[in-house]
$ cat my_file_37.txt   # compact mmCIF, C-alpha atoms
# COMPACT_ATOMS: atom_id res chain seq x y z
CA MET F 1 -99.26 87.25 -5.38
CA GLU F 2 -96.96 84.20 -4.96
CA THR F 3 -96.74 81.47 -7.63
CA LYS F 4 -97.26 77.77 -6.90
CA GLY F 5 -94.18 76.69 -8.88
CA ALA F 6 -91.59 78.02 -6.43
CA PRO F 7 -91.99 75.38 -3.73
CA GLY F 8 -91.65 72.60 -6.34
CA LYS F 9 -88.43 74.03 -7.65
CA GLU F 10 -86.95 74.19 -4.17
CA GLY F 11 -87.91 70.54 -3.56
CA MET F 12 -86.24 69.49 -6.80
CA GLY F 13 -83.07 71.34 -5.85
CA ALA F 14 -82.96 69.60 -2.49
CA LYS F 15 -83.39 66.23 -4.17
CA ARG F 16 -80.56 66.96 -6.56
CA LYS F 17 -78.28 67.92 -3.72
CA ASN F 18 -79.15 64.73 -1.84
CA LEU F 19 -78.52 62.63 -4.98
CA THR F 20 -75.15 64.27 -5.53
CA PHE F 21 -74.20 63.60 -1.93
CA LEU F 22 -75.31 59.97 -2.19
CA LYS F 23 -73.25 59.49 -5.37
CA HIS F 24 -70.23 60.92 -3.65
CA ARG F 25 -70.74 58.62 -0.68
CA LEU F 26 -71.14 55.60 -2.93
CA TYR F 27 -67.97 56.58 -4.82
CA MET F 28 -66.03 56.88 -1.58
CA LEU F 29 -67.33 53.53 -0.37
CA GLU F 30 -66.39 51.82 -3.64
CA ARG F 31 -62.95 53.42 -3.54
CA ARG F 32 -62.40 52.21 -0.02
CA LYS F 33 -63.34 48.70 -1.05
CA THR F 34 -61.01 48.92 -4.02
CA ASP F 35 -58.19 50.26 -1.88
CA THR F 36 -58.78 47.47 0.63
CA VAL F 37 -58.65 44.83 -2.10
CA VAL F 38 -55.49 46.36 -3.55
CA GLU F 39 -53.90 46.52 -0.12
CA ASN F 40 -54.87 42.94 0.55
CA SER F 41 -53.49 41.89 -2.82
CA VAL F 42 -50.27 43.73 -2.17
CA SER F 43 -50.05 42.11 1.25
CA VAL F 44 -50.67 38.70 -0.23
CA ASP F 45 -48.09 39.32 -2.94
CA GLN F 46 -45.60 40.50 -0.40
CA GLY F 47 -46.36 37.47 1.75
CA ASN F 48 -45.94 35.17 -1.22
CA SER F 49 -42.73 36.95 -2.14
CA GLY F 50 -41.46 36.52 1.39
CA THR F 51 -42.45 32.88 1.36
CA LEU F 52 -40.69 32.45 -1.98
CA ARG F 53 -37.59 34.15 -0.66
CA ARG F 54 -37.70 32.00 2.45
CA SER F 55 -38.15 28.91 0.32
CA GLN F 56 -35.13 29.80 -1.80
CA SER F 57 -33.12 30.59 1.31
CA ASP F 58 -34.12 27.28 2.87
CA ARG F 59 -33.03 25.39 -0.22
CA THR F 60 -29.71 27.22 -0.26
CA GLU F 61 -29.14 26.51 3.43
CA TYR F 62 -30.09 22.84 2.97
CA SER F 63 -27.71 22.52 0.05
CA GLN F 64 -24.88 24.03 2.09
CA LYS F 65 -25.58 21.70 5.02
CA LEU F 66 -25.73 18.73 2.68
CA GLN F 67 -22.38 19.68 1.16
CA GLU F 68 -20.92 20.03 4.65
CA LYS F 69 -22.18 16.56 5.57
CA MET F 70 -20.93 15.04 2.34
CA ALA F 71 -17.52 16.70 2.55
CA PRO F 72 -16.24 14.50 5.44
CA GLN F 73 -17.56 11.40 3.65
CA ALA F 74 -15.73 12.39 0.49
CA GLY F 75 -12.63 12.98 2.58
CA CYS F 76 -13.00 9.52 4.16
CA LEU F 77 -13.37 7.90 0.76
CA SER F 78 -10.29 9.72 -0.45
CA LEU F 79 -8.39 8.62 2.67
CA VAL F 80 -9.48 4.99 2.23
CA THR F 81 -8.44 5.06 -1.43
CA SER F 82 -5.09 6.59 -0.51
CA LEU F 83 -4.51 3.95 2.19
CA GLN F 84 -5.37 1.16 -0.24
CA GLU F 85 -2.95 2.53 -2.82
CA ASN F 86 -0.22 2.88 -0.20
CA GLU F 87 -0.86 -0.67 1.00
CA GLU F 88 -0.66 -2.01 -2.56
CA GLN F 89 2.59 -0.14 -3.17
CA LEU F 90 4.01 -1.43 0.12
CA THR F 91 3.01 -4.99 -0.80
CA ARG F 92 4.65 -4.68 -4.21
CA ARG F 93 7.87 -3.36 -2.65
CA MET F 94 7.89 -6.14 -0.06
CA MET F 95 7.31 -8.82 -2.69
CA ALA F 96 10.05 -7.37 -4.91
CA LYS F 97 12.45 -7.34 -1.94
CA ARG F 98 11.49 -10.90 -1.04
CA ALA F 99 12.06 -12.11 -4.61
CA LYS F 100 15.48 -10.39 -4.62
CA ILE F 101 16.50 -12.05 -1.34
CA ILE F 102 15.46 -15.49 -2.59
CA ALA F 103 17.38 -14.99 -5.85
CA GLU F 104 20.49 -13.90 -3.91
CA LEU F 105 20.16 -16.91 -1.60
CA VAL F 106 20.01 -19.33 -4.53
CA GLN F 107 22.93 -17.63 -6.29
CA THR F 108 25.04 -17.65 -3.10
CA GLU F 109 24.43 -21.38 -2.70
CA LYS F 110 25.44 -21.93 -6.34
CA ASP F 111 28.69 -20.01 -5.83
CA TYR F 112 29.44 -21.88 -2.63
CA LEU F 113 28.85 -25.24 -4.30
CA ASN F 114 31.14 -24.25 -7.20
CA ASP F 115 33.89 -23.33 -4.73
CA LEU F 116 33.53 -26.69 -2.98
CA GLU F 117 33.72 -28.55 -6.29
CA LEU F 118 36.80 -26.56 -7.29
CA CYS F 119 38.49 -27.31 -3.97
CA LEU F 120 37.74 -31.02 -4.25
CA ARG F 121 38.88 -31.22 -7.86
CA GLU F 122 42.01 -29.05 -7.72
CA VAL F 123 43.25 -29.50 -4.15
CA VAL F 124 41.85 -32.41 -2.20
CA GLN F 125 41.91 -35.05 -4.91
CA PRO F 126 45.45 -34.18 -6.21
CA LEU F 127 46.84 -34.30 -2.65
CA ARG F 128 45.25 -37.68 -2.09
CA ASN F 129 46.67 -38.96 -5.36
CA LYS F 130 50.20 -37.95 -4.25
CA GLN F 131 49.85 -40.05 -1.11
CA ILE F 132 52.26 -37.89 0.88
CA VAL F 133 53.19 -39.78 4.04
CA ARG F 134 53.27 -36.79 6.39
CA PHE F 135 50.22 -35.15 4.89
CA ASP F 136 46.85 -36.00 6.50
CA VAL F 137 44.41 -34.98 3.78
CA ASP F 138 41.30 -36.21 5.64
CA GLY F 139 42.41 -34.48 8.84
CA LEU F 140 43.04 -31.21 7.00
CA PHE F 141 39.80 -31.13 4.99
CA SER F 142 37.63 -33.10 7.40
CA ASN F 143 34.26 -34.19 5.89
CA ILE F 144 34.36 -31.76 2.97
CA GLU F 145 32.79 -34.35 0.66
CA SER F 146 29.74 -34.57 2.96
CA VAL F 147 29.56 -30.77 3.01
CA HIS F 148 29.59 -30.78 -0.78
CA GLN F 149 26.82 -33.38 -0.95
CA ILE F 150 24.50 -31.62 1.49
CA SER F 151 25.11 -28.28 -0.25
CA ALA F 152 24.21 -29.84 -3.61
CA LYS F 153 21.03 -31.22 -2.06
CA LEU F 154 20.11 -27.84 -0.60
CA LEU F 155 20.65 -26.07 -3.92
CA SER F 156 18.55 -28.66 -5.73
CA LEU F 157 15.65 -28.16 -3.32
CA LEU F 158 15.89 -24.37 -3.58
CA GLU F 159 15.87 -24.46 -7.38
CA GLU F 160 12.93 -26.84 -7.35
CA ALA F 161 10.99 -24.54 -5.03
CA THR F 162 11.63 -21.42 -7.13
CA ALA F 163 11.68 -22.69 -10.71
CA ASP F 164 8.56 -21.84 -12.74
CA VAL F 165 6.88 -20.43 -9.63
CA ASP F 166 5.65 -16.84 -9.29
CA PRO F 167 7.57 -14.94 -6.58
CA PRO F 168 4.52 -14.57 -4.28
CA MET F 169 4.04 -18.35 -4.36
CA GLN F 170 7.68 -19.30 -3.71
CA VAL F 171 7.99 -21.08 -0.37
CA ILE F 172 11.58 -21.78 0.69
CA GLY F 173 11.07 -22.08 4.44
CA GLU F 174 9.89 -25.64 3.98
CA VAL F 175 13.14 -26.43 2.15
CA PHE F 176 15.25 -25.56 5.18
CA LEU F 177 12.86 -27.39 7.51
CA GLU F 178 13.20 -30.49 5.34
CA ILE F 179 17.00 -30.43 5.22
CA LYS F 180 17.56 -29.05 8.70
CA GLY F 181 18.58 -32.37 10.31
CA PRO F 182 21.16 -33.53 7.74
CA LEU F 183 22.52 -29.98 7.43
CA GLU F 184 23.13 -29.73 11.17
CA GLU F 185 24.77 -33.13 11.41
CA THR F 186 27.11 -32.45 8.50
CA TYR F 187 28.29 -29.05 9.68
CA LYS F 188 28.51 -30.19 13.26
CA ILE F 189 31.30 -32.60 12.25
CA TYR F 190 33.00 -30.00 10.03
CA CYS F 191 32.95 -27.31 12.71
CA TYR F 192 34.14 -29.77 15.37
CA HIS F 193 37.34 -30.48 13.42
CA HIS F 194 37.88 -26.92 12.21
CA ASP F 195 40.33 -25.82 14.92
CA ASP F 196 42.38 -29.01 14.59
CA ALA F 197 42.53 -28.57 10.81
CA HIS F 198 43.70 -24.98 11.21
CA THR F 199 46.49 -26.06 13.59
CA MET F 200 47.50 -28.79 11.15
CA LEU F 201 47.67 -26.31 8.27
CA GLU F 202 49.96 -24.01 10.25
CA SER F 203 52.33 -26.90 10.92
CA TYR F 204 52.37 -27.91 7.23
CA GLU F 205 53.24 -24.37 6.17
CA LYS F 206 56.38 -24.64 8.32
CA ASP F 207 57.48 -27.70 6.39
CA GLU F 208 58.94 -26.54 3.06
CA GLU F 209 58.12 -29.73 1.15
CA LEU F 210 54.52 -29.83 2.32
CA LYS F 211 54.23 -26.13 1.80
CA GLN F 212 55.21 -26.51 -1.86
CA HIS F 213 52.57 -29.17 -2.37
CA LEU F 214 49.92 -26.87 -0.93
CA LYS F 215 51.19 -23.90 -2.91
CA HIS F 216 51.07 -25.85 -6.15
CA CYS F 217 47.43 -26.87 -5.50
CA VAL F 218 46.38 -23.36 -4.54
CA GLN F 219 47.93 -21.87 -7.69
CA SER F 220 45.82 -24.20 -9.80
CA LEU F 221 42.74 -22.51 -8.37
CA LYS F 222 43.68 -19.15 -9.94
$ encode --input "my_file_37.txt" --output "structure tokens"
Amino acid sequence: METKGAPGKEGMGAKRKNLTFLKHRLYMLERRKTDTVVENSVSVDQGNSGTLRRSQSDRTEYSQKLQEKMAPQAGCLSLVTSLQENEEQLTRRMMAKRAKIIAELVQTEKDYLNDLELCLREVVQPLRNKQIVRFDVDGLFSNIESVHQISAKLLSLLEEATADVDPPMQVIGEVFLEIKGPLEETYKIYCYHHDDAHTMLESYEKDEELKQHLKHCVQSLK
């Protein structure tokens, strides 16, 4: 005789099996969801990491390009500065050379004027005082007094233009323009008689008496 409890036990066993299966399925589903979330998170992190790396790379590349663009500008600035320094040095050298030339010009005119004064004082005037009949003092020395006067005037103007004036502000061209006319007229006469005076001197050196007079005057110059 069969018992009534057997079929109930079998039904309970089947239910337990189904419950176990359902739990397993639910576990697998939850795991898949978790794995998907993790994978998505990893993907996002990797994407963010790639974006970060790209961002850093972009900044590095931009910085390099900026340096490349700035480098020629820096070179241009350096070139401009160098050119300005060279120009300033060239200007200083030119001004120093100009000042030296002006100083030499003034000194040369001083020396020339001193020589003229010495010649007038030690040669021309003593010969005139002797009143030698055969000696033409004016013919030999021409208009040397006029030469002396115009030279003194020129020196005075040069000294006036350069005294107490900074070298860059010294203007001597105007001096020569101012005295050009009288200077030309004076030396035109002197140069015109130069050859005749030289011929006269040669003839006087052949005359022993006149030669001694000249020699005596020349020795006084030493």
$ atom_distance --input "my_file_37.txt" --atom1 "atom CA of F:Gln212" --atom2 "atom CA of F:Gln125"
16.1 Å
$ residues_around --input "my_file_37.txt" --residues "F:Glu109" --least-positions-apart "3" --cutoff "9 Å" --atoms "only C-alpha atoms" --output "compact mmCIF listing (two decimals) with C-alpha atoms, in the coordinates of the input"
# COMPACT_ATOMS: atom_id res chain seq x y z
CA GLU F 104 20.49 -13.90 -3.91
CA LEU F 105 20.16 -16.91 -1.60
CA VAL F 106 20.01 -19.33 -4.53
CA TYR F 112 29.44 -21.88 -2.63
CA LEU F 113 28.85 -25.24 -4.30
CA ASN F 114 31.14 -24.25 -7.20
CA SER F 151 25.11 -28.28 -0.25
CA ALA F 152 24.21 -29.84 -3.61
CA LEU F 154 20.11 -27.84 -0.60
CA LEU F 155 20.65 -26.07 -3.92
$ residues_around --input "my_file_37.txt" --residues "stretch 129-143 of chain F" --least-positions-apart "5" --cutoff "8 Å" --atoms "all atoms listed in the file" --output "list of chain:residue names"
F:Val124, F:Thr186, F:Ile189, F:Tyr190, F:His193, F:His194, F:Asp196, F:Ala197, F:His198, F:Met200, F:Leu201, F:Tyr204, F:Leu210
$ atom_distance --input "my_file_37.txt" --atom1 "atom CA of F:Gly181" --atom2 "atom CA of F:Asp115"
23.3 Å
$ atom_distance --input "my_file_37.txt" --atom1 "atom CA of F:Met94" --atom2 "atom CA of F:Glu160"
22.5 Å
$ closest_residue --input "my_file_37.txt" --among "F:Leu127, F:Ser82, F:Pro167, F:Gln149" --to "F:Arg98" --atoms "all atoms listed in the file"
F:Pro167
$ closest_residue --input "my_file_37.txt" --among "F:Asp166, F:Glu145, F:Glu88, F:Glu184" --to "F:Arg121" --atoms "all atoms listed in the file"
F:Glu145
$ closest_residue --input "my_file_37.txt" --among "F:Lys188, F:Asp164, F:Leu158, F:Thr81" --to "F:Phe176" --atoms "only C-alpha atoms"
F:Leu158
$ closest_residue --input "my_file_37.txt" --among "F:Gln170, F:Glu205, F:His213, F:Glu117" --to "F:Ile101" --atoms "all atoms listed in the file"
F:Gln170
